[in-house]
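What follows is the content of coords06.pdb, which has PDB, C-alpha atoms:
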MODEL        1
ATOM      1  CA  MET A1401     -42.731  25.127 -96.078
ATOM      2  CA  ALA A1402     -39.377  26.416 -94.959
ATOM      3  CA  THR A1403     -38.814  26.255 -91.251
ATOM      4  CA  SER A1404     -35.851  26.880 -89.048
ATOM      5  CA  THR A1405     -35.182  25.166 -85.777
ATOM      6  CA  TYR A1406     -32.378  26.374 -83.583
ATOM      7  CA  LEU A1407     -31.931  24.303 -80.516
ATOM      8  CA  SER A1408     -28.287  23.585 -80.037
ATOM      9  CA  ASN A1409     -25.760  26.208 -80.886
ATOM     10  CA  PRO A1410     -26.856  29.815 -80.710
ATOM     11  CA  VAL A1411     -24.187  32.277 -79.602
ATOM     12  CA  VAL A1412     -24.988  34.737 -76.832
ATOM     13  CA  THR A1413     -22.729  37.468 -75.548
ATOM     14  CA  VAL A1414     -23.252  39.831 -72.645
ATOM     15  CA  ASN A1415     -20.942  42.812 -72.439
ATOM     16  CA  ALA A1416     -18.853  41.103 -75.159
ATOM     17  CA  VAL A1417     -18.433  37.950 -73.013
ATOM     18  CA  ASP A1418     -19.525  34.686 -74.632
ATOM     19  CA  LEU A1419     -21.986  33.035 -72.237
ATOM     20  CA  SER A1420     -23.400  30.536 -74.718
ATOM     21  CA  ASP A1421     -22.399  27.522 -72.645
ATOM     22  CA  GLN A1422     -24.228  28.932 -69.628
ATOM     23  CA  CYS A1423     -27.383  29.908 -71.480
ATOM     24  CA  SER A1424     -30.390  27.642 -71.906
ATOM     25  CA  GLY A1425     -32.891  30.099 -73.332
ATOM     26  CA  ALA A1426     -33.227  33.567 -74.770
ATOM     27  CA  THR A1427     -36.140  35.803 -75.626
ATOM     28  CA  VAL A1428     -35.706  38.819 -77.868
ATOM     29  CA  ASN A1429     -38.398  41.462 -77.949
ATOM     30  CA  GLN A1430     -38.034  44.151 -80.586
ATOM     31  CA  THR A1431     -40.878  46.552 -79.955
ATOM     32  CA  PHE A1432     -41.967  49.989 -81.041
ATOM     33  CA  ALA A1433     -44.659  51.952 -79.313
ATOM     34  CA  GLN A1434     -47.574  52.321 -81.702
ATOM     35  CA  LEU A1435     -48.816  55.891 -81.841
ATOM     36  CA  SER A1436     -52.181  56.535 -83.328
ATOM     37  CA  ASN A1437     -52.244  59.022 -86.136
ATOM     38  CA  THR A1438     -55.824  58.272 -87.042
ATOM     39  CA  ALA A1439     -57.595  61.381 -88.215
ATOM     40  CA  PHE A1440     -61.000  62.511 -89.393
ATOM     41  CA  GLY A1441     -61.838  60.906 -92.672
ATOM     42  CA  ASP A1442     -60.094  57.650 -91.845
ATOM     43  CA  THR A1443     -62.202  54.541 -91.814
ATOM     44  CA  ALA A1444     -59.749  52.464 -89.789
ATOM     45  CA  MET A1445     -57.177  52.998 -87.099
ATOM     46  CA  LYS A1446     -53.718  53.981 -88.296
ATOM     47  CA  TYR A1447     -50.461  53.942 -86.406
ATOM     48  CA  THR A1448     -46.936  55.225 -86.643
ATOM     49  CA  ALA A1449     -43.866  54.072 -84.788
ATOM     50  CA  GLY A1450     -42.945  55.731 -81.527
ATOM     51  CA  LEU A1451     -40.046  54.963 -79.249
ATOM     52  CA  GLN A1452     -38.429  51.560 -79.278
ATOM     53  CA  GLU A1453     -38.934  49.469 -76.163
ATOM     54  CA  ASN A1454     -36.691  46.469 -76.613
ATOM     55  CA  SER A1455     -35.557  43.757 -74.263
ATOM     56  CA  ILE A1456     -33.605  40.533 -74.163
ATOM     57  CA  THR A1457     -34.170  37.936 -71.472
ATOM     58  CA  LEU A1458     -31.555  35.239 -70.921
ATOM     59  CA  ASP A1459     -31.986  32.064 -68.882
ATOM     60  CA  LEU A1460     -28.571  31.298 -67.459
ATOM     61  CA  TYR A1461     -27.016  28.732 -65.188
ATOM     62  CA  TRP A1462     -25.612  30.417 -62.138
ATOM     63  CA  SER A1463     -21.937  29.614 -62.061
ATOM     64  CA  THR A1464     -19.701  31.445 -59.640
ATOM     65  CA  ALA A1465     -16.531  29.909 -61.055
ATOM     66  CA  SER A1466     -13.870  32.160 -62.507
ATOM     67  CA  THR A1467     -14.998  34.147 -65.585
ATOM     68  CA  GLU A1468     -18.432  32.527 -65.644
ATOM     69  CA  THR A1469     -21.936  33.905 -65.096
ATOM     70  CA  TYR A1470     -21.377  35.661 -61.792
ATOM     71  CA  ALA A1471     -18.100  37.241 -62.882
ATOM     72  CA  THR A1472     -19.788  38.528 -66.028
ATOM     73  CA  LEU A1473     -22.881  39.982 -64.429
ATOM     74  CA  LYS A1474     -21.811  41.121 -60.971
ATOM     75  CA  SER A1475     -20.628  44.547 -62.074
ATOM     76  CA  LEU A1476     -23.361  45.100 -64.643
ATOM     77  CA  VAL A1477     -26.346  45.400 -62.316
ATOM     78  CA  GLY A1478     -27.629  48.938 -62.482
ATOM     79  CA  THR A1479     -25.735  49.697 -65.677
ATOM     80  CA  SER A1480     -26.279  49.464 -69.425
ATOM     81  CA  THR A1481     -24.377  47.231 -71.789
ATOM     82  CA  ASN A1482     -24.587  45.360 -75.086
ATOM     83  CA  VAL A1483     -26.138  41.930 -75.599
ATOM     84  CA  THR A1484     -25.854  39.978 -78.834
ATOM     85  CA  ILE A1485     -27.413  36.799 -80.081
ATOM     86  CA  LYS A1486     -27.155  34.843 -83.302
ATOM     87  CA  GLN A1487     -28.758  31.580 -84.183
ATOM     88  CA  THR A1488     -25.663  29.555 -84.962
ATOM     89  CA  SER A1489     -21.930  29.875 -84.461
ATOM     90  CA  ALA A1490     -21.447  30.263 -88.220
ATOM     91  CA  ALA A1491     -20.452  33.586 -89.726
ATOM     92  CA  VAL A1492     -23.007  36.375 -89.690
ATOM     93  CA  SER A1493     -25.059  36.333 -92.870
ATOM     94  CA  ALA A1494     -28.540  36.954 -94.192
ATOM     95  CA  THR A1495     -29.555  33.528 -92.912
ATOM     96  CA  ASN A1496     -27.643  33.855 -89.648
ATOM     97  CA  PRO A1497     -28.245  37.453 -88.580
ATOM     98  CA  LEU A1498     -26.666  38.939 -85.509
ATOM     99  CA  GLY A1499     -29.101  40.672 -83.194
ATOM    100  CA  THR A1500     -27.565  43.375 -81.039
ATOM    101  CA  LEU A1501     -29.186  45.187 -78.159
ATOM    102  CA  THR A1502     -27.081  48.272 -77.539
ATOM    103  CA  GLY A1503     -27.434  49.954 -74.187
ATOM    104  CA  GLY A1504     -29.706  47.426 -72.496
ATOM    105  CA  PHE A1505     -30.200  48.167 -68.793
ATOM    106  CA  LEU A1506     -29.816  45.378 -66.237
ATOM    107  CA  ALA A1507     -31.968  46.317 -63.277
ATOM    108  CA  GLU A1508     -31.718  43.155 -61.209
ATOM    109  CA  LEU A1509     -29.869  39.881 -60.855
ATOM    110  CA  PRO A1510     -32.325  37.315 -59.495
ATOM    111  CA  VAL A1511     -30.783  33.955 -58.614
ATOM    112  CA  VAL A1512     -32.846  30.840 -57.975
ATOM    113  CA  TYR A1513     -31.468  28.146 -55.688
ATOM    114  CA  THR A1514     -33.440  24.908 -55.599
ATOM    115  CA  VAL A1515     -32.435  21.747 -53.801
ATOM    116  CA  GLY A1516     -31.264  19.058 -56.188
ATOM    117  CA  GLU A1517     -31.082  21.388 -59.180
ATOM    118  CA  LEU A1518     -28.553  23.662 -60.779
ATOM    119  CA  ALA A1519     -28.826  27.243 -59.630
ATOM    120  CA  THR A1520     -30.139  29.547 -62.332
ATOM    121  CA  CYS A1521     -30.755  33.199 -62.991
ATOM    122  CA  SER A1522     -33.014  34.857 -65.507
ATOM    123  CA  VAL A1523     -31.784  38.301 -66.443
ATOM    124  CA  THR A1524     -33.546  40.880 -68.575
ATOM    125  CA  PHE A1525     -31.830  43.742 -70.337
ATOM    126  CA  ASN A1526     -34.378  46.472 -70.962
ATOM    127  CA  GLY A1527     -34.303  49.442 -73.261
ATOM    128  CA  GLY A1528     -31.614  50.442 -75.680
ATOM    129  CA  THR A1529     -31.682  50.082 -79.421
ATOM    130  CA  PHE A1530     -31.989  46.748 -81.192
ATOM    131  CA  ALA A1531     -30.928  45.885 -84.700
ATOM    132  CA  TYR A1532     -30.059  42.875 -86.808
ATOM    133  CA  THR A1533     -26.979  42.882 -88.970
ATOM    134  CA  GLU A1534     -26.391  40.449 -91.799
ATOM    135  CA  ALA A1535     -22.725  40.989 -92.533
TER     136      ALA A1535
ATOM    137  CA  MET B 831      -5.231  52.253 -71.878
ATOM    138  CA  ALA B 832      -3.954  48.982 -73.380
ATOM    139  CA  LEU B 833      -6.220  46.059 -72.588
ATOM    140  CA  ARG B 834      -5.103  42.442 -72.843
ATOM    141  CA  ILE B 835      -7.542  39.534 -72.983
ATOM    142  CA  ILE B 836      -7.288  37.057 -70.115
ATOM    143  CA  SER B 837     -10.365  34.904 -70.670
ATOM    144  CA  ALA B 838     -11.187  32.920 -73.801
ATOM    145  CA  ARG B 839     -14.801  33.976 -73.317
ATOM    146  CA  LEU B 840     -13.805  37.372 -74.602
ATOM    147  CA  GLY B 841     -11.319  36.383 -77.281
ATOM    148  CA  GLU B 842      -7.871  34.938 -77.698
ATOM    149  CA  PRO B 843      -6.024  35.163 -74.385
ATOM    150  CA  GLY B 844      -2.964  37.343 -74.669
ATOM    151  CA  ALA B 845      -4.309  39.361 -77.571
ATOM    152  CA  PHE B 846      -5.023  43.030 -77.160
ATOM    153  CA  TRP B 847      -8.656  43.981 -76.966
ATOM    154  CA  THR B 848     -10.156  46.979 -78.693
ATOM    155  CA  PRO B 849     -12.927  48.617 -76.658
ATOM    156  CA  VAL B 850     -16.358  48.489 -78.244
ATOM    157  CA  GLU B 851     -18.863  51.282 -77.799
ATOM    158  CA  GLY B 852     -21.385  50.419 -75.123
ATOM    159  CA  VAL B 853     -19.283  47.705 -73.501
ATOM    160  CA  ASN B 854     -18.529  48.194 -69.815
ATOM    161  CA  VAL B 855     -14.744  47.858 -69.647
ATOM    162  CA  GLU B 856     -14.596  48.231 -65.861
ATOM    163  CA  ALA B 857     -16.932  45.256 -65.493
ATOM    164  CA  LEU B 858     -14.699  43.172 -67.750
ATOM    165  CA  ILE B 859     -11.641  44.034 -65.695
ATOM    166  CA  ALA B 860     -13.492  43.391 -62.427
ATOM    167  CA  GLY B 861     -14.682  40.038 -63.738
ATOM    168  CA  GLY B 862     -11.196  38.908 -64.676
ATOM    169  CA  PHE B 863     -11.730  38.961 -68.433
ATOM    170  CA  LEU B 864      -9.316  41.773 -69.197
ATOM    171  CA  GLU B 865      -6.234  43.314 -67.687
ATOM    172  CA  ASP B 866      -5.051  46.831 -68.123
ATOM    173  CA  THR B 867      -1.427  46.372 -69.109
ATOM    174  CA  HIS B 868      -0.581  49.906 -68.036
ATOM    175  CA  THR B 869      -1.424  49.102 -64.448
ATOM    176  CA  ALA B 870      -0.262  45.486 -64.381
ATOM    177  CA  PRO B 871       3.049  45.037 -62.559
ATOM    178  CA  GLY B 872       5.977  44.596 -64.892
ATOM    179  CA  LYS B 873       9.742  44.577 -64.702
ATOM    180  CA  SER B 874       9.966  48.313 -64.644
ATOM    181  CA  ALA B 875       7.478  48.486 -61.815
ATOM    182  CA  LYS B 876       9.702  46.718 -59.301
ATOM    183  CA  ASN B 877      10.206  48.576 -56.082
ATOM    184  CA  LYS B 878      13.794  49.385 -55.427
ATOM    185  CA  THR B 879      14.940  49.209 -51.854
ATOM    186  CA  LYS B 880      16.335  52.512 -50.891
ATOM    187  CA  ALA B 881      19.263  52.599 -48.523
ATOM    188  CA  PRO B 882      18.418  54.440 -45.316
ATOM    189  CA  ASP B 883      19.653  57.934 -45.158
ATOM    190  CA  ALA B 884      22.030  58.058 -42.226
ATOM    191  CA  ALA B 885      21.308  61.710 -41.576
ATOM    192  CA  ASN B 886      17.590  61.091 -41.132
ATOM    193  CA  THR B 887      17.793  57.852 -39.188
ATOM    194  CA  THR B 888      16.578  57.998 -35.631
ATOM    195  CA  GLN B 889      17.688  55.552 -32.991
ATOM    196  CA  GLU B 890      15.437  54.477 -30.211
TER     197      GLU B 890
ENDMDL
END

Re-express the file's structure as structure tokens.
Amino acid sequence: MATSTYLSNPVVTVNAVDLSDQCSGATVNQTFAQLSNTAFGDTAMKYTAGLQENSITLDLYWSTASTETYATLKSLVGTSTNVTIKQTSAAVSATNPLGTLTGGFLAELPVVYTVGELATCSVTFNGGTFAYTEA
Amino acid sequence: MALRIISARLGEPGAFWTPVEGVNVEALIAGGFLEDTHTAPGKSAKNKTKAPDAANTTQE
């Protein structure tokens, strides 16, 4: 059984800025609304695709140093931008596709400060179009 | 607008950056990742000290 495990070197960009070394987790949701087009005569439910409702959530360390997490995100709250993710730093290919969320909206910038731990923020970019490219 | 990369997080520092559709350029400039070379101070932007015009000088 072929499996793929990607734990060490994915590449994540937010607004074209490489934040891979500040990112500890990412969740990509590529979703279409399912619209029922079931009609008389059907014996089972049928669906067709509606609007996309995509999102990408990134778990980031909260660094306020120059050109780090804070500098990248501070001006993006309340705006839309692009987020990309690929599984390894190798060239984009069929086995290393680049996922791009175009026009994802960043509604909030929640920062978590905990004594004895690194500050973190989990940001979610909602909406926009999502597609994988292989070249 | 000519944009030069400052931070390696965006690309090779010193290289010119081509805007990508959907990318918030103002946020990149505000974050210190890019500089707009048209607004950055250069040699030609030096202020020249102008000699006071004797006819318009008032003495107190």

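Of the residues listed (A:Val1417, A:Leu1451, A:Leu1473, A:Ala1426), A:Val1417 shows the shortest atom-to-atom separation from chain B; distances use all atoms listed in the file.
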
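Distance annotation: of B:Val850, B:Leu864, B:Leu840, B:Ala832, the residue with the minimal separation from chain A is B:Leu840; atom set is only C-alpha atoms.
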
Kindly resolve the ChimeraX specification (/B :<9) & /A on the present coordinates and return the residues as a compact mmCIF listing (two decimals) with C-alpha atoms, in the coordinates of the input.
# COMPACT_ATOMS: atom_id res chain seq x y z
CA THR A 1413 -22.73 37.47 -75.55
CA VAL A 1414 -23.25 39.83 -72.64
CA ASN A 1415 -20.94 42.81 -72.44
CA ALA A 1416 -18.85 41.10 -75.16
CA VAL A 1417 -18.43 37.95 -73.01
CA ASP A 1418 -19.52 34.69 -74.63
CA LEU A 1419 -21.99 33.03 -72.24
CA SER A 1466 -13.87 32.16 -62.51
CA THR A 1467 -15.00 34.15 -65.58
CA GLU A 1468 -18.43 32.53 -65.64
CA TYR A 1470 -21.38 35.66 -61.79
CA ALA A 1471 -18.10 37.24 -62.88
CA THR A 1472 -19.79 38.53 -66.03
CA LEU A 1473 -22.88 39.98 -64.43
CA LYS A 1474 -21.81 41.12 -60.97
CA SER A 1475 -20.63 44.55 -62.07
CA LEU A 1476 -23.36 45.10 -64.64
CA THR A 1479 -25.74 49.70 -65.68
CA SER A 1480 -26.28 49.46 -69.42
CA THR A 1481 -24.38 47.23 -71.79
CA ASN A 1482 -24.59 45.36 -75.09
CA THR A 1502 -27.08 48.27 -77.54
CA GLY A 1503 -27.43 49.95 -74.19

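Reported to one decimal place, the separation of atom CA of Pro1497 of chain A from atom CA of Ser1463 of chain A is 28.4 Å.
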
Find the spatial neighbours of Ile1485 of chain A, counting only C-alpha atoms, within a cut-off of 7 Å - ignore same-chain residues fewer than 6 positions away - and output them as number ranges by chain. A: 1411-1413, 1498-1500

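When atom CA of Pro1410 of chain A is paired with atom CA of Thr1464 of chain A, their separation reads 22.3 Å.
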
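Between atom CA of Ser1424 of chain A and atom CA of Leu1460 of chain A the separation is 6.0 Å.
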
Could you list, as a PDB file with C-alpha atoms, keeping the file's coordinate frame, every residue matched by the PyMOL selection byres ((chain B and resi 846) around 7) in this structure?
ATOM      1  CA  LEU B 833      -6.220  46.059 -72.588  1.00  0.00           C
ATOM      2  CA  ARG B 834      -5.103  42.442 -72.843  1.00  0.00           C
ATOM      3  CA  ILE B 835      -7.542  39.534 -72.983  1.00  0.00           C
ATOM      4  CA  GLY B 844      -2.964  37.343 -74.669  1.00  0.00           C
ATOM      5  CA  ALA B 845      -4.309  39.361 -77.571  1.00  0.00           C
ATOM      6  CA  TRP B 847      -8.656  43.981 -76.966  1.00  0.00           C
ATOM      7  CA  THR B 848     -10.156  46.979 -78.693  1.00  0.00           C
TER       8      THR B 848
END

Would you translate the PyMOL selection byres ((chain A and resi 1521-1530) around 8) into the concrete set of residues it matches in this file, as a PyMOL selection string? chain A and resi 1430+1452-1462+1483+1499-1512+1519-1520+1531-1532

Which residue gives the smallest distance to Thr1495 of chain A among A:Thr1443, A:Thr1533, A:Thr1448, A:Gln1422, with all atoms listed in the file counted?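 For Thr1495 of chain A, the nearest of the given residues is A:Thr1533.
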
Kindly list the centre and edge lengths in Å, rounded to one decimal, for the axis-aligned box that covers all listed atoms of segment 1450-1465 of chain A plus 5 Å on each of its six sides, as AutoDock Vina command-line options.
--center_x -29.7 --center_y 42.2 --center_z -70.6 --size_x 36.4 --size_y 37.0 --size_z 31.9
